[in-house]
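Asks: Right, I'll just put the structure down here and ask away after.
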Amino acid sequence: MRKVKFALAIFLSAAFATFFLNILSAPSAHAGLGDLPVQDDGRIKPYDTFAREMLNLMWGHETYKERKASDVVFSWMLIPEEWDNTKFVLVRHNGLREALGLDHERLYYSPNELITNSHLSIMMQDLKNKREAQEKLDPFYQSLQTLENQLSAYQSLRVGHGVRVVPVDAKTARWLDIADLKDADKMRFQSITTAFVSMAAASAKGDHASEASSADNLDKAVNNFVAFAQERFGDYAGSTRIRAETAYNHLQPFRFAWILYFLALCFFSFAYFGTRPYWGKIGWGFTAGAALFHATGFLFRIYILERPPVSNMFETVVWVAWGTVLLATVLYRFSRSAIIPVAATLVATLSLILCDVSSSVLDSSLMLLQPVLRDNFWLMTHVIIIVSSYAAFFLAFFLGDIVLFYFWRDEKKHAQKIQEGAQAIYRSVQVGVVLLASGIILGGVWADYSWGRFWGWDPKETWAFIALLGYVLVLHGRIAGWLRHFGLAAAAVISFSLVIMSWYGVNFVLGAGLHTYGFGAGGVEYVAGFVAAHLLFAAFVITLRQSRLRSDRTPSGF
Amino acid sequence: MKLFERALKFLASLQLAMIVMACLGVLAATGTILEARYDANYAQKMVYQSPYMFATLALLCINLFNVMLDRWPWKAHHAGFVLAHIGIITLIVGSWVTHRFGVDGSLAFEIGQANRYVMLSSSEFVVARSLGEGRYDTLHKERVDFLLHPIEKNPISVMVDGQQLEIVDYYNYAVRESKLVQSDDDLDGPAVRVQLQNARVNMSQWIKRPATAPTEEFNLGPARIVLAAENAPFVYTTGNVLVFRPSKTPDKLSFEIYTQSLGGLSKKGLIAVVDEIDTGWMGIKLRLLKYLPHAREAVDFLKREQPTGATMSAIKIRFAGKDYWSGLNGPVRIHDGATNLVAAYRNELLDIGFDMRLEKFEVGRYLGSTRAKTYQSEVNVPDLGNRLISMNNPLKYNDYTFYQASFQENAQGKPTTSILSVNHDPGRWMKYLGSLLMVLGTIVMFYFKKYRLKIWGPTA
């Protein structure tokens with residue numbers, strides 16, 4: 001057995017190592033435009049990131065029909081007439097499409113279709129009026145605002161504006177646009193364009209040999225251009241950081257993490273629901289691999305942005321996945337209940353899939369911080385602790401689901417599993433309560449230190465407090481003996497609605513208060529559906545069990 | 001006696017704790033919904049600082065206290081439980097001390113200016129008699145809260161010179177609208193509203209000249225519009241200029257057009273309201289939309305159901321049969337015959353006892369963008385000299401703590417005013433102590449076997 005374990009460990013680590021090396025060496029083969037430093041949105045990023053963000057804004061994905069973002073976005077400038085009539089601008093909001101008189105079936109429209117739309121200018125005026133009156137924008141106007149951003153970004157990019165590539169002497173000043181380039185810079189950029197065009201032409205013809213040679217030329221032209229700027233401005237863009245960012249973009253560490261977590265989930269499930277407990281070992285192997293990717297992703301983000309990775313919705317979701325796996329590992333070491341890794345990898349897989357597929361709601365871009373959020377230890381600590389408590393409650397939530405499932409099947413037959421599950425729920429809720437209470441208090445300490453206000457009933461803190469109250473009620477109910485295994489499982493599922501409200505709801509539904517730096521829009525129907533489905537499931541099992549107990553003539557109880 | 005014991009038992013019961021916590025949760029949730037619909041101030045007054053909230057928290061304290069008393073004499077396994085519950089009580093009491101005796105306001109000053117008055121969130125209504133030369137004699141001053149004590153139920157009126165001055169209306173959210181209207185007062189100057197229009201340009205503008213000034217001018221796109229007194233001299237230098245003056249003919253203005261390309265006067269004549277003239281500048285036509293020989297500014301407030309960034313609260317004051325609107329911190333002049341008054345609905349101010357001067361204000365931006373990265377105020381305080389206040393880096397002085405809160409900038413994006421948040425919190429140490437005890441107690445309760453409470457279930 002020990003030999004098998006050892007062999008497995010060697011095999012898995014070798015597989016991951018090869019994989020990593022492959023992935024990391026891949027982008028340096030042909031970086032092309034990707035490594036070109038661009039100043040955008042207050043920081044210096046590789047053109048690769050810039051293009052991905054632009055394409056994501058416009059089209060909703062980071063690739064366009066299997067073409068690289070940097071190639072697509074660069075071609076907007078080269079062949080604007082063609083793109084003007086290509087249907088690639090995403091208009092997601094139904095109401096907005098209706099108001100614009102667009103047909104219902106399509107999600108994508110060409111820039112020309114939209115710019116010449118007669119309703120648009122009137123609606124833009126409305127939007128402007130609302131902004132001047134400083135009114136809160138509802139989802140309709142928020143999507144109109146997105147459309148405005150899409151069109152204005154496209155219109156400046158198609159004429160070479162908005163891509164700032166050459167620094168000026170003053171450190172913090174705006175760099176020069178492609179359209180503003182002069183003399184030597186302009187010539188050198190011209191050679192980039194030429195190489196790009198011949199590469200695109202060769203690729204269209206299917207001539208792989210000349211495509212490869214023009215790709216080489218493109219690399220050379222970009223390097224030349226950067227080297228020329230470096231002669232004058234030194235290492236103006238932080239070339240290691242730029243390369244790290246392109247590698248991060250290319251690696252997609254969180255995607256690999258969820259795939260491995262999913263495999264781990266499968267093995268843990270075979271082990272737990274089936275009759276082969278040793279499969280759990282393989283599950284832990286995959287979990288370790290997933291955690292490796294997961295941590296790599298974090299390290300990249302920390303290195304690139306020089307800050308802890310918990311300051312927007314996307315990053316908190318990624319952190320919750322991480323926290324859950326970490327907590328589950330600790331709890332498993334003490335209790336050895338096989339239910340724990342099942343629920344934990346379920347949380348991790350779901351969270352990271354969510355991050356991967358809903359890039360328009362969970363903005364994965366590497367964002368800068370508001371002034372209040374900078375340089376503060378307590379701030380980051382309170383966010384990390386609170387988000388970790390969400391991880392504990394999320395774990396309890398899926399544990400609750402599984403326990404309720406066994407109550408639904410047959411509570412006498414599965415008494416052992418139920419007892420194990422309930423114990424795990426209780427432990428997770430305890431950890432969550434301690435973390436949430438400390439996190440809320442540290443948030444208070446930070447607010448007191450930064451604003452002179454320990455507690456101000458801000459919606460975000462208020463909902464965190466309500467969630468805490470909810471779970472404190474659960475623990476008291478347990479101590480008093482009002483909640484037994486069944487009640488605890490049902491409560492873990494139901495109380496998680498409070499966490500969802502404080503985590504997601506305050507920012508995406510209420511949209512009020514001081515924590516505006518985490519605000520966003522979208523996905524309300526899915527989240528509400530998720531919550532409603534679980535509440536219904538809990539209600540169903542509760543009713544079912546009550547009626548069973550009545551027919552058994554057992555006194556009812558939770 | 002039985003009843004008394006049962007009451008005590010109930011006050012110490014977990015049932016009551018559950019009810020109180022549930023109430024607290026529901027109240028807090030209601031507050032957040034109200035805040036999303038209206039604003040933080042509304043939620044604070046209606047929920048968080050309402051008697052219901054105080055009653056709930058008081059009941060929670062009583063409950064926590066009684067449940068500890070009930071377990072007397074305490075054993076080792078009570079340690080965590082007692083610590084946590086004492087912590088919560090201390091925290092709540094500390095919060096009450098802050099609320100009751102603390103100060104939380106803001107201090108705004110322009111660069112180079114000094115200020116010693118902290119603006120509080122509470123408001124007052126002040127009526128003063130204007131004595132001229134900027135001197136006032138306060139006739140009436142009272143704290144007001146129209147949201148909690150609507151004027152329909154708590155009418156506010158003051159007798160001034162035998163006449164009644166009263167507040168007759170209150171809008172919690174209102175938008176200020178000002179327009180020029182015909183005035184009966186000869187001391188008010190004239191005003192015109194003109195429109196310039198061609199295929200590409202269409203704009204209109206009010207121009208008002210004070211009665212004491214010979215001319216008033218306004219740059220309206222391609223042209224300069226001058227509103228001059230009847231006999232005021234006008235010397236043409238450059239550009240396209242249009243001069244209006246009152247004429248002998250009633251309801252008509254005389255006009256002179258000076259054109260850049262012709263180097264001087266190109267057209268003159270009389271114009272009546274709604275008349276249109278061809279200016280000769282790029283086909284631009286000029287229309288006189290309105291002419292008021294004597295104009296005054298009339299302010300009106302339009303009620304809104306929900307707040308926006310542009311709304312404020314406003315009151316309507318009635319004196320000697322006339323109505324005046326006053327927005328928060330926008331005092332109004334009221335005069336009737338010989339009575340000259342100023343009425344103000346404003347935030348209460350607190351004198352901190354020393355002047356604080358803003359020497360310098362700096363904003364650091366993110367690379368090549370207008371987004372603020374950091375900002376800081378250099379202030380001068382007597383006794384301390386110059387000190388720096390920045391985000392997350394407050395200044396403590398004389399029982400007050402000064403925090404960098406925000407700043408205002410002008411249309412060119414240059415910062416002009418720094419806003420500090422000023423705070424005095426006597427309950428702070430209780431809140432910190434309470435928090436510490438609560439968390440420690442919870443950890444002891446959960447993770448130290450010796451002190452752990454007996455739990456129903458498999459572990460028991």
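Ligands are numbered from 1 in the order shown, residues from 1 within each chain, and chains are lettered A, B, ... in the order they appear in the structure tokens.
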Quick one: residues within 10 Å of stretch 306-310 of chain A, only C-alpha atoms, excluding same-chain residues fewer than 5 positions away - as JSON, numbers by chain?
Replies: {"A": [297, 298, 299, 300, 301, 315, 316, 317, 318, 319, 320, 366, 368, 369, 374, 375, 377, 380, 381, 383, 384, 387]}
Asks: Enumerate as a PyMOL selection string the residues belonging to chain A that approach chain B to within 7 Å, with only C-alpha atoms taken into account.
Replies: chain A and resi 41-43+133-136+172-175+370-372+434+437-438+441+449-452+459+462+466+469+473+479+481+510-512
Asks: What's the separation between atom CA of B:Arg209 and atom CA of B:Pro293, in Å to one decimal place?
Replies: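 The value is 10.0 Å.
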Asks: Return as a PyMOL selection string the full set of residues in stretch 58-255 of chain B whose backbone-based DSSP assignment is helix (DSSP H, G or I).
Replies: chain B and resi 58-70+76-101
Asks: Please provide the set of residues having any atom within 9 Å of A:Asp219, restricted to only C-alpha atoms, with same-chain residues fewer than 5 positions apart removed, written as an MDAnalysis selection string.
Replies: chainID A and resid 30:33 192 195 214 224
Asks: Since we have the selection now, will you write its residues out, keeping N, CA and C atoms, as a CSV table (one decimal), in the first residue's frame?
Replies:
```
chain,number,residue,atom,x,y,z
A,30,HIS,N,5.9,32.4,-29.3
A,30,HIS,CA,5.5,33.5,-30.1
A,30,HIS,C,4.7,34.5,-29.3
A,31,ALA,N,5.3,35.4,-28.7
A,31,ALA,CA,4.6,36.3,-27.8
A,31,ALA,C,3.9,37.3,-28.8
A,32,GLY,N,4.5,37.6,-29.9
A,32,GLY,CA,3.8,38.6,-30.8
A,32,GLY,C,3.6,39.9,-30.2
A,33,LEU,N,2.3,40.4,-30.4
A,33,LEU,CA,2.0,41.7,-29.8
A,33,LEU,C,1.8,41.6,-28.3
A,192,ILE,N,6.0,46.8,-37.0
A,192,ILE,CA,5.1,45.9,-36.3
A,192,ILE,C,3.9,45.6,-37.1
A,195,ALA,N,4.6,43.5,-40.2
A,195,ALA,CA,4.8,42.1,-39.9
A,195,ALA,C,3.5,41.4,-39.6
A,214,SER,N,6.7,35.2,-40.6
A,214,SER,CA,6.3,36.6,-40.3
A,214,SER,C,6.0,36.7,-38.8
A,224,ASN,N,12.1,45.1,-30.9
A,224,ASN,CA,12.8,46.3,-31.4
A,224,ASN,C,12.2,47.6,-30.8
```
Asks: Residues near stretch 216-225 of chain B, anyone? I mean within 7 Å using only C-alpha atoms, not counting same-chain ones fewer than 4 positions away, as a PyMOL selection string.
Replies: chain B and resi 207+209+240-243
Asks: Please identify which residues in stretch 245-430 of chain B DSSP calls strand (DSSP E or B) from the backbone, and express them as a PyMOL selection string.
Replies: chain B and resi 245-246+252-259+264-272+276-278+285-292+295-303+312-319+322-327+332-336+339-365+372-381+385-390+393+395-397+400-409+415-424
Asks: Just the number, please: distance in Å from atom CA of A:Tyr64 to atom CA of A:Ala200, one decimal.
Replies: 14.9 Å
Asks: I need the residue nearest B:Leu107 from this list: B:Val381, B:Val93, B:Leu433, B:Leu350. Use only C-alpha atoms for the distance.
Replies: B:Leu350
Asks: Which residues are close to A:Met54, i.e. within 10 Å by only C-alpha atoms, leaving aside same-chain residues fewer than 5 positions away? Reply as a tab-separated table (two decimals) with N, CA, C and O atoms, in the first residue's frame.
Replies:
```tsv
chain	number	residue	atom	x	y	z
A	48	ASP	N	-1.51	41.95	-24.45
A	48	ASP	CA	-2.32	40.75	-24.32
A	48	ASP	C	-3.49	40.97	-23.36
A	48	ASP	O	-4.64	40.68	-23.68
A	49	THR	N	-3.20	41.51	-22.18
A	49	THR	CA	-4.25	41.77	-21.20
A	49	THR	C	-5.21	42.82	-21.71
A	49	THR	O	-6.44	42.67	-21.62
A	59	TRP	N	-17.28	41.47	-26.75
A	59	TRP	CA	-17.78	40.20	-27.28
A	59	TRP	C	-18.16	39.24	-26.16
A	59	TRP	O	-18.85	38.25	-26.39
A	60	GLY	N	-17.68	39.52	-24.93
A	60	GLY	CA	-18.06	38.68	-23.80
A	60	GLY	C	-17.16	37.49	-23.56
A	60	GLY	O	-17.39	36.73	-22.63
A	61	HIS	N	-16.16	37.30	-24.41
A	61	HIS	CA	-15.18	36.24	-24.20
A	61	HIS	C	-13.80	36.77	-24.51
A	61	HIS	O	-13.66	37.78	-25.18
A	62	GLU	N	-12.80	36.02	-24.08
A	62	GLU	CA	-11.43	36.49	-24.31
A	62	GLU	C	-10.83	36.00	-25.62
A	62	GLU	O	-9.69	36.31	-25.94
A	69	ALA	N	-7.12	37.26	-28.76
A	69	ALA	CA	-7.63	38.61	-28.53
A	69	ALA	C	-6.69	39.66	-29.11
A	69	ALA	O	-7.13	40.62	-29.75
A	70	SER	N	-5.39	39.48	-28.90
A	70	SER	CA	-4.48	40.54	-29.34
A	70	SER	C	-4.53	40.70	-30.86
A	70	SER	O	-4.48	41.83	-31.37
A	72	VAL	N	-7.16	39.97	-32.80
A	72	VAL	CA	-8.46	40.53	-33.17
A	72	VAL	C	-8.50	42.03	-32.91
A	72	VAL	O	-8.84	42.83	-33.78
A	73	VAL	N	-8.09	42.42	-31.69
A	73	VAL	CA	-8.20	43.84	-31.32
A	73	VAL	C	-7.26	44.69	-32.19
A	73	VAL	O	-7.61	45.80	-32.59
A	150	GLN	N	-18.64	50.29	-24.80
A	150	GLN	CA	-18.24	49.42	-25.91
A	150	GLN	C	-18.02	50.24	-27.18
A	150	GLN	O	-16.98	50.13	-27.83
A	153	ALA	N	-15.06	52.73	-26.89
A	153	ALA	CA	-13.77	52.03	-26.93
A	153	ALA	C	-13.48	51.59	-28.37
A	153	ALA	O	-12.36	51.80	-28.87
A	154	TYR	N	-14.48	51.04	-29.04
A	154	TYR	CA	-14.25	50.58	-30.40
A	154	TYR	C	-13.89	51.74	-31.31
A	154	TYR	O	-12.96	51.66	-32.11
A	157	LEU	N	-10.36	52.81	-30.68
A	157	LEU	CA	-9.37	51.81	-31.09
A	157	LEU	C	-9.24	51.71	-32.61
A	157	LEU	O	-8.15	51.49	-33.13
```
Asks: What is the atom CA of A:His485-atom CA of A:Thr543 distance in Å, reported with one decimal?
Replies: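 Atom CA of A:Thr543 lies 15.8 Å from atom CA of A:His485.
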Asks: If we count only C-alpha atoms, what is near A:Phe140 at a cut-off of 8 Å, once residues fewer than 5 positions away on the same chain are taken out, given as number ranges by chain?
Replies: A: 93, 95-96
Asks: Which residues are close to A:Lys417, i.e. within 12 Å by only C-alpha atoms, leaving aside same-chain residues fewer than 4 positions away? Reply as JSON, numbers by chain.
Replies: {"A": [272, 273, 337, 338, 339, 340, 399, 400, 402, 403, 404, 405, 406, 407, 409, 410, 411, 412, 413, 421, 422, 423, 424, 485]}
Asks: Can you work out which one of A:Ile425, A:Met313, A:Val524, A:Leu90 has the shortest atom-to-atom distance to A:Arg478, counting only C-alpha atoms?
Replies: A:Ile425
Asks: For B:Val194, which residue among B:Leu227, B:Leu8, B:Val144, B:Val47 is the nearest when counting only C-alpha atoms?
Replies: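 Checking each candidate against B:Val194, we get B:Leu227 as the closest.
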Asks: Could you tell me which of A:Ile418, A:Val342, A:Met124, A:Val197 comes closest to A:Arg484 if we count only C-alpha atoms?
Replies: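 Distance minimum relative to A:Arg484 lands on A:Ile418.
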